[in-house]
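A.B. asks: Structure provided below as structure tokens; questions to follow.
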8 protein chains.
Amino acid sequence: MELTVYLAGQIHDNWRDEVEKKAKEKNLPLTFVAPQTNHDRSDNIGEDILGKQPGNVYKDDAASDINNFRTQVLMQKSDIVIALFGEKYKQWNTAMDASMAIAMNKPTIIVRPESLIHPLKELSNRANVTVETIDQAMDVLSYIFE
Amino acid sequence: MELTVYLAGQIHDNWRDEVEKKAKEKNLPLTFVAPQTNHDRSDNIGEDILGKQPGNVYKDDAASDINNFRTQVLMQKSDIVIALFGEKYKQWNTAMDASMAIAMNKPTIIVRPESLIHPLKELSNRANVTVETIDQAMDVLSYIFE
Amino acid sequence: MELTVYLAGQIHDNWRDEVEKKAKEKNLPLTFVAPQTNHDRSDNIGEDILGKQPGNVYKDDAASDINNFRTQVLMQKSDIVIALFGEKYKQWNTAMDASMAIAMNKPTIIVRPESLIHPLKELSNRANVTVETIDQAMDVLSYIFE
Amino acid sequence: MELTVYLAGQIHDNWRDEVEKKAKEKNLPLTFVAPQTNHDRSDNIGEDILGKQPGNVYKDDAASDINNFRTQVLMQKSDIVIALFGEKYKQWNTAMDASMAIAMNKPTIIVRPESLIHPLKELSNRANVTVETIDQAMDVLSYIFE
Amino acid sequence: MELTVYLAGQIHDNWRDEVEKKAKEKNLPLTFVAPQTNHDRSDNIGEDILGKQPGNVYKDDAASDINNFRTQVLMQKSDIVIALFGEKYKQWNTAMDASMAIAMNKPTIIVRPESLIHPLKELSNRANVTVETIDQAMDVLSYIFE
Amino acid sequence: MELTVYLAGQIHDNWRDEVEKKAKEKNLPLTFVAPQTNHDRSDNIGEDILGKQPGNVYKDDAASDINNFRTQVLMQKSDIVIALFGEKYKQWNTAMDASMAIAMNKPTIIVRPESLIHPLKELSNRANVTVETIDQAMDVLSYIFE
Amino acid sequence: MELTVYLAGQIHDNWRDEVEKKAKEKNLPLTFVAPQTNHDRSDNIGEDILGKQPGNVYKDDAASDINNFRTQVLMQKSDIVIALFGEKYKQWNTAMDASMAIAMNKPTIIVRPESLIHPLKELSNRANVTVETIDQAMDVLSYIFE
Amino acid sequence: MELTVYLAGQIHDNWRDEVEKKAKEKNLPLTFVAPQTNHDRSDNIGEDILGKQPGNVYKDDAASDINNFRTQVLMQKSDIVIALFGEKYKQWNTAMDASMAIAMNKPTIIVRPESLIHPLKELSNRANVTVETIDQAMDVLSYIFE
């Protein structure tokens, strides 16, 4: 049984590569998809495709049209969602992806540092599992195939 | 036609009272519901009902069980969701409520200050309408009844 | 049994008043809702609430945010949709409202002149009933209560 | 990840061939499906299969039974919908396909010339992305696989 | 708790009056709705509203447009469906109404004579309850309020 | 694009073989599934598996448990349903399968002789296409792949 | 805002009366519905309505047809489900009602004694809130209206 | 047609191996998935991944997070559910899995000994088929492919 996993979350380090490498080491039959992880490309995709917009609000809206299109396509094809929250930034995209995944009945794992326990408590409570490290998330994925 | 509006968002000032007062002034046939707005009560509700928990993680999880129960009951009864983001805090509950409302096809208005345009861009893009002030949100509600 | 009817379609004459008057004459227990029928208000509502936009594309997008919000609220509360197509204009809003109503399993009546039989054939085929006059649509509504 | 794309829209030029050719050039793992693009065949399919009908209304209804059957089969198998509007005709089938795709939560791209911005504004607003050229639509599709 | 009951089934005797009378005697808080029970009116409703059709197939199709519209409106408003099969006729409308009710998760009671046990066995098996008399169906309805 | 077609309907002749043979001749990428076509096996399957039942009602109910299980499995895996009605019998299983397929949004073709136009009119009206011969049904299937 | 609460669970003492009395004392705008609480009536309802069955299996199946019909009607009308597990018996009806409520997205509270923590752990984990006493459940209900 | 079967139920003997062996002997195109069948691993998985918890309630809750995640992933991928009840224990997980499968419209077979007829009667009644032995369940699975 092949499963597809959407890796929502911050795009400021290479945690997705780590996930993919560990899945390969464990021989898990998983395919991973994700949002655009090149931050500049993600911010500029609206203007890259549609041309110069009249100000930042419109540039942002054009970019999010296309980022949301991508997320909707990939999340609908996914069987599982992992959402990783880091220490920095507001990360509302991560919160949105995790919340929508839960509302769509996608089994969902949240990865977050101890410092975020309190502000994430209601979202953690709705997700299936909340862990603190990528290794723990990989253990949860492995458990499906035991 | 009576409509019920869920007022998601920060609980650090009395913006909900302002919404209700303005709705009354405009004679809009609206009923408002909301999360627990007493911050301490919201944080302590788990221990208030279930008793002392063995640490903050467990206290938080017990509280969020009950807060999520409340939100699920009230949001399912609502026809419209307004989610207000303030300048401070991570406000992941607000992001979660808005995202779930959108995934449940509840017509949704986001209210946020100009400073939050960029971090909220994907969520704003999925909501029906994004405005900057409560007066603008009230204008959108009024427009239904014109 | 009280029913709510959404009256989609052109806003260039007072056909909705005619529908409401005839329903009253027949004593049908119907409540009617509709899109904004003041054409200028509908086109300007985005700028009226959100302020001046940087060009027509953005003005149109702001208006349609709010018009779509209104339609979504009212159509979700409706038990029946009537969509009236006139001789003029492209009327893509009417086509969109009728199509979405059908996709949402709302029982739907299309009213269209004989001249539009061919271009509307696939949409007519998906609607429950297609008629040519308002009187015929009223007869279909009356038939529910016979 | 293989994706299937439904190409709704006008059937008066070979824009679908252009889409397929460009997808092949970019090596995108996409399969394309579409309505019947032979206009006469599409108009006559009812009589071709069911025999002579007693007038144009009935001929049209018989054809649309079968065209709608085809569309429903193919759109349900699709992951993405692209709807292209041209300058001419009422194109209510295109509007219907795009609207139903959106109501079915299919990620949707609208392609339309600048001249149609105003009449399509509410439908554009509900689609994920609206662009003006096929090249832009291809860029949006490519972005999924970056 | 008021409940609405759709009374599907044959229209060749006044069994619906009997149901309503017995519900009144038992003081059950039930509202009843039903298809058109005037057989000629039901067969002619298409031509009555849309005018003369070019033959019986087209007359039948026009009538069923409007009968199906009526059924869809009333069944969507109902909490319970009772479908009564008599000894005579094919009664495919009754089978269709019962089947669709079950597929829509409407709690469903079938009433049928002993002679129809075998041909109705798969449909009976999917319904919640199958009984042989109206009195038994009334007993099932009463049981809700015990 | 491979499609699966559920062949509902009478099991008194080998029409399903004819469908499969014609699909092969036309090289259509279709897989066919169907109810149990051995009539005795279908009637006895309950007792064959569960043992002797205390009378015909119970024998029938046991058989229909298992027949409905089979139908539910196969219909959920199908993209298209064809329901063929013959001249004889009440064929309520066929009516049930067609009705449930329509309620589940499965694109549906009904095949019925001219003599059944009137009693099947409401069900025909809800199906996508109604034809009189297997060849016509095959033409509709072929049309998907033109 | 009036809410309806389904009280699933054991029928061996009068805990439902206690719930209703406490709701009245707190002036909560709640209506309560429940399964048949007369145990003999619940076991015999099949034979009471349908007559003598040929053995206990058939008597039980007839009773459960009607009990499940009742539960389906009442649970679909409910906004909240409370499921109380006692110390004794297997209580699979309670487990079924709670599980189906959760699968239907009904906000659900489980009440169970400490001794059942381990065997109920997966079901508790899926419910919104698990408590040990009726007073705690009432506190959770009250919290909605604070 | 390949089908996936979720084997819910007790984990105290090797009945799943028996099912798989018999399916292989009959050459049925079935893939089987199941909950964690190592009882200790299932009870300890929360602490195994998340570390020591402050007491049994918390240990159980952590384990059930991960067990429910696994079940949700695998059941969503399954076409059929078989739930086996044994003589011992409360088996509420089995009742929960079967109930949720039924609520999700998964075709469901219950296997239970004669001694459990009465306490399981409502759940049996909602499942498609109830049998007493694994051989009977295999016969039902085989019947799909006859």
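Residues in the structure tokens are numbered from 1 in each chain, the chains being A, B, ... in the order shown, and ligands are numbered from 1 in the order shown.
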Show which residues sit within 7 Å of range 33-48 of chain H, as a ChimeraX atom specification. Count only C-alpha atoms, and ignore same-chain residues fewer than 3 positions away.

C.D. replies: /H:5-8,11,51-53,59-60,62-63,66,71,74

A.B. asks: Filtering to N, CA, C and O atoms, could you give me those residues as an mmCIF file, in the first residue's frame?

C.D. replies:
```cif
data_model
loop_
_atom_site.group_PDB
_atom_site.id
_atom_site.type_symbol
_atom_site.label_atom_id
_atom_site.label_comp_id
_atom_site.auth_asym_id
_atom_site.auth_seq_id
_atom_site.Cartn_x
_atom_site.Cartn_y
_atom_site.Cartn_z
ATOM 1 N N VAL H 5 -9.175 -4.934 2.212
ATOM 2 C CA VAL H 5 -10.085 -5.315 3.303
ATOM 3 C C VAL H 5 -9.430 -4.994 4.644
ATOM 4 O O VAL H 5 -8.319 -5.462 4.923
ATOM 5 N N TYR H 6 -10.111 -4.180 5.459
ATOM 6 C CA TYR H 6 -9.625 -3.888 6.812
ATOM 7 C C TYR H 6 -10.176 -4.934 7.775
ATOM 8 O O TYR H 6 -11.390 -5.139 7.851
ATOM 9 N N LEU H 7 -9.282 -5.584 8.511
ATOM 10 C CA LEU H 7 -9.677 -6.647 9.435
ATOM 11 C C LEU H 7 -9.692 -6.109 10.858
ATOM 12 O O LEU H 7 -8.680 -6.172 11.583
ATOM 13 N N ALA H 8 -10.827 -5.555 11.266
ATOM 14 C CA ALA H 8 -10.970 -5.045 12.634
ATOM 15 C C ALA H 8 -11.231 -6.197 13.582
ATOM 16 O O ALA H 8 -11.738 -7.235 13.186
ATOM 17 N N ILE H 11 -7.299 -9.137 18.920
ATOM 18 C CA ILE H 11 -5.917 -9.393 18.523
ATOM 19 C C ILE H 11 -5.310 -10.468 19.415
ATOM 20 O O ILE H 11 -4.114 -10.486 19.676
ATOM 21 N N GLY H 51 7.626 9.096 24.799
ATOM 22 C CA GLY H 51 8.304 9.067 26.100
ATOM 23 C C GLY H 51 7.320 8.860 27.234
ATOM 24 O O GLY H 51 6.103 8.897 27.055
ATOM 25 N N LYS H 52 7.876 8.671 28.414
ATOM 26 C CA LYS H 52 7.127 8.376 29.634
ATOM 27 C C LYS H 52 6.020 9.402 29.871
ATOM 28 O O LYS H 52 6.247 10.616 29.803
ATOM 29 N N GLN H 53 4.823 8.932 30.162
ATOM 30 C CA GLN H 53 3.694 9.813 30.474
ATOM 31 C C GLN H 53 3.405 9.772 31.979
ATOM 32 O O GLN H 53 3.740 8.807 32.655
ATOM 33 N N LYS H 59 -0.796 7.745 29.436
ATOM 34 C CA LYS H 59 -0.176 6.711 28.600
ATOM 35 C C LYS H 59 -1.200 6.156 27.603
ATOM 36 O O LYS H 59 -0.911 5.977 26.422
ATOM 37 N N ASP H 60 -2.404 5.895 28.093
ATOM 38 C CA ASP H 60 -3.466 5.357 27.232
ATOM 39 C C ASP H 60 -3.873 6.355 26.155
ATOM 40 O O ASP H 60 -4.120 5.984 25.010
ATOM 41 N N ALA H 62 -2.055 8.771 24.889
ATOM 42 C CA ALA H 62 -0.968 8.892 23.900
ATOM 43 C C ALA H 62 -0.983 7.698 22.944
ATOM 44 O O ALA H 62 -0.806 7.850 21.732
ATOM 45 N N ALA H 63 -1.206 6.505 23.488
ATOM 46 C CA ALA H 63 -1.272 5.321 22.625
ATOM 47 C C ALA H 63 -2.445 5.406 21.663
ATOM 48 O O ALA H 63 -2.329 5.088 20.471
ATOM 49 N N ILE H 66 -2.120 7.468 18.475
ATOM 50 C CA ILE H 66 -1.352 6.865 17.381
ATOM 51 C C ILE H 66 -2.090 5.665 16.801
ATOM 52 O O ILE H 66 -2.102 5.444 15.589
ATOM 53 N N THR H 71 -5.456 3.564 12.280
ATOM 54 C CA THR H 71 -6.755 3.040 11.823
ATOM 55 C C THR H 71 -7.376 3.949 10.769
ATOM 56 O O THR H 71 -7.916 3.486 9.767
ATOM 57 N N LEU H 74 -5.623 3.551 7.371
ATOM 58 C CA LEU H 74 -5.855 2.272 6.689
ATOM 59 C C LEU H 74 -7.326 2.064 6.346
ATOM 60 O O LEU H 74 -7.639 1.527 5.280
#
```

A.B. asks: What are the DSSP helix (DSSP H, G or I) residues of range 1-137 of chain B, as a ChimeraX atom specification?

C.D. replies: /B:15-25,39-50,56-76,92-103,114-116,121-126,134-137

A.B. asks: Would you mind listing, as a list of chain:residue names, all residues of chain B that have at least one atom within 7 Å of chain C, where only C-alpha atoms are what counts?

C.D. replies: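 Listing them in order of chain and number gives B:Asp79, B:Pro107, B:Asn128, B:Val129, B:Val131, B:Gln136, B:Asp139, B:Val140, B:Ile144.
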
A.B. asks: Those residues you just picked out, can you put them in a file as a compact mmCIF listing (two decimals), in the first residue's frame with N, CA and C atoms?

C.D. replies:
```txt
# COMPACT_ATOMS: atom_id res chain seq x y z
N ASP B 79 -24.25 30.55 10.34
CA ASP B 79 -24.36 30.74 8.89
C ASP B 79 -23.18 31.49 8.32
N PRO B 107 -19.61 30.94 4.74
CA PRO B 107 -19.15 32.23 4.22
C PRO B 107 -18.35 32.96 5.30
N ASN B 128 -13.94 34.62 1.93
CA ASN B 128 -14.73 35.36 0.94
C ASN B 128 -14.27 36.81 0.83
N VAL B 129 -14.11 37.46 1.99
CA VAL B 129 -13.84 38.89 2.01
C VAL B 129 -12.82 39.16 3.10
N VAL B 131 -11.25 42.49 5.25
CA VAL B 131 -11.37 43.93 5.51
C VAL B 131 -10.42 44.31 6.63
N GLN B 136 -16.13 48.00 8.38
CA GLN B 136 -16.21 47.40 7.04
C GLN B 136 -16.89 46.02 7.11
N ASP B 139 -20.47 46.55 7.30
CA ASP B 139 -21.01 46.94 5.99
C ASP B 139 -21.24 45.70 5.11
N VAL B 140 -20.33 44.74 5.20
CA VAL B 140 -20.52 43.51 4.42
C VAL B 140 -21.75 42.75 4.92
N ILE B 144 -25.97 42.04 2.88
CA ILE B 144 -26.84 40.87 2.68
C ILE B 144 -28.31 41.25 2.69
```

A.B. asks: Grab the CA of Asp13 in chain F to CA of Gly86 in chain F distance for me, in Å with one decimal place.

C.D. replies: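 Separation of CA of Asp13 in chain F and CA of Gly86 in chain F: 9.8 Å.
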
A.B. asks: How would you write, as a ChimeraX atom specification, the set of residues in chain A that DSSP gives as strand (DSSP E or B)?

C.D. replies: /A:3-9,30-33,80-84,108-111,129-131

A.B. asks: Would you put the residues from that selection into a file with C-alpha atoms, as an mmCIF file, in the first residue's frame?

C.D. replies:
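Output file out.cif follows:
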```
data_model
loop_
_atom_site.group_PDB
_atom_site.id
_atom_site.type_symbol
_atom_site.label_atom_id
_atom_site.label_comp_id
_atom_site.auth_asym_id
_atom_site.auth_seq_id
_atom_site.Cartn_x
_atom_site.Cartn_y
_atom_site.Cartn_z
ATOM 1 C CA LEU A 3 0.693 6.384 0.651
ATOM 2 C CA THR A 4 1.162 10.047 -0.245
ATOM 3 C CA VAL A 5 2.142 12.479 2.512
ATOM 4 C CA TYR A 6 1.765 16.264 2.280
ATOM 5 C CA LEU A 7 4.509 18.064 4.222
ATOM 6 C CA ALA A 8 3.030 21.374 5.319
ATOM 7 C CA GLY A 9 5.034 23.861 7.306
ATOM 8 C CA LEU A 30 5.703 6.826 0.892
ATOM 9 C CA THR A 31 5.613 9.613 -1.681
ATOM 10 C CA PHE A 32 6.044 13.163 -0.390
ATOM 11 C CA VAL A 33 4.556 16.377 -1.739
ATOM 12 C CA ILE A 80 -1.684 11.934 5.331
ATOM 13 C CA VAL A 81 -0.600 15.465 6.300
ATOM 14 C CA ILE A 82 2.390 16.366 8.477
ATOM 15 C CA ALA A 83 2.498 20.010 9.585
ATOM 16 C CA LEU A 84 5.739 21.269 11.122
ATOM 17 C CA THR A 108 -2.724 14.664 10.506
ATOM 18 C CA ILE A 109 0.499 14.816 12.528
ATOM 19 C CA ILE A 110 1.732 18.102 14.017
ATOM 20 C CA VAL A 111 5.419 18.582 14.782
ATOM 21 C CA VAL A 129 -0.946 13.119 16.899
ATOM 22 C CA THR A 130 1.395 15.881 18.057
ATOM 23 C CA VAL A 131 5.122 15.240 18.380
#
```
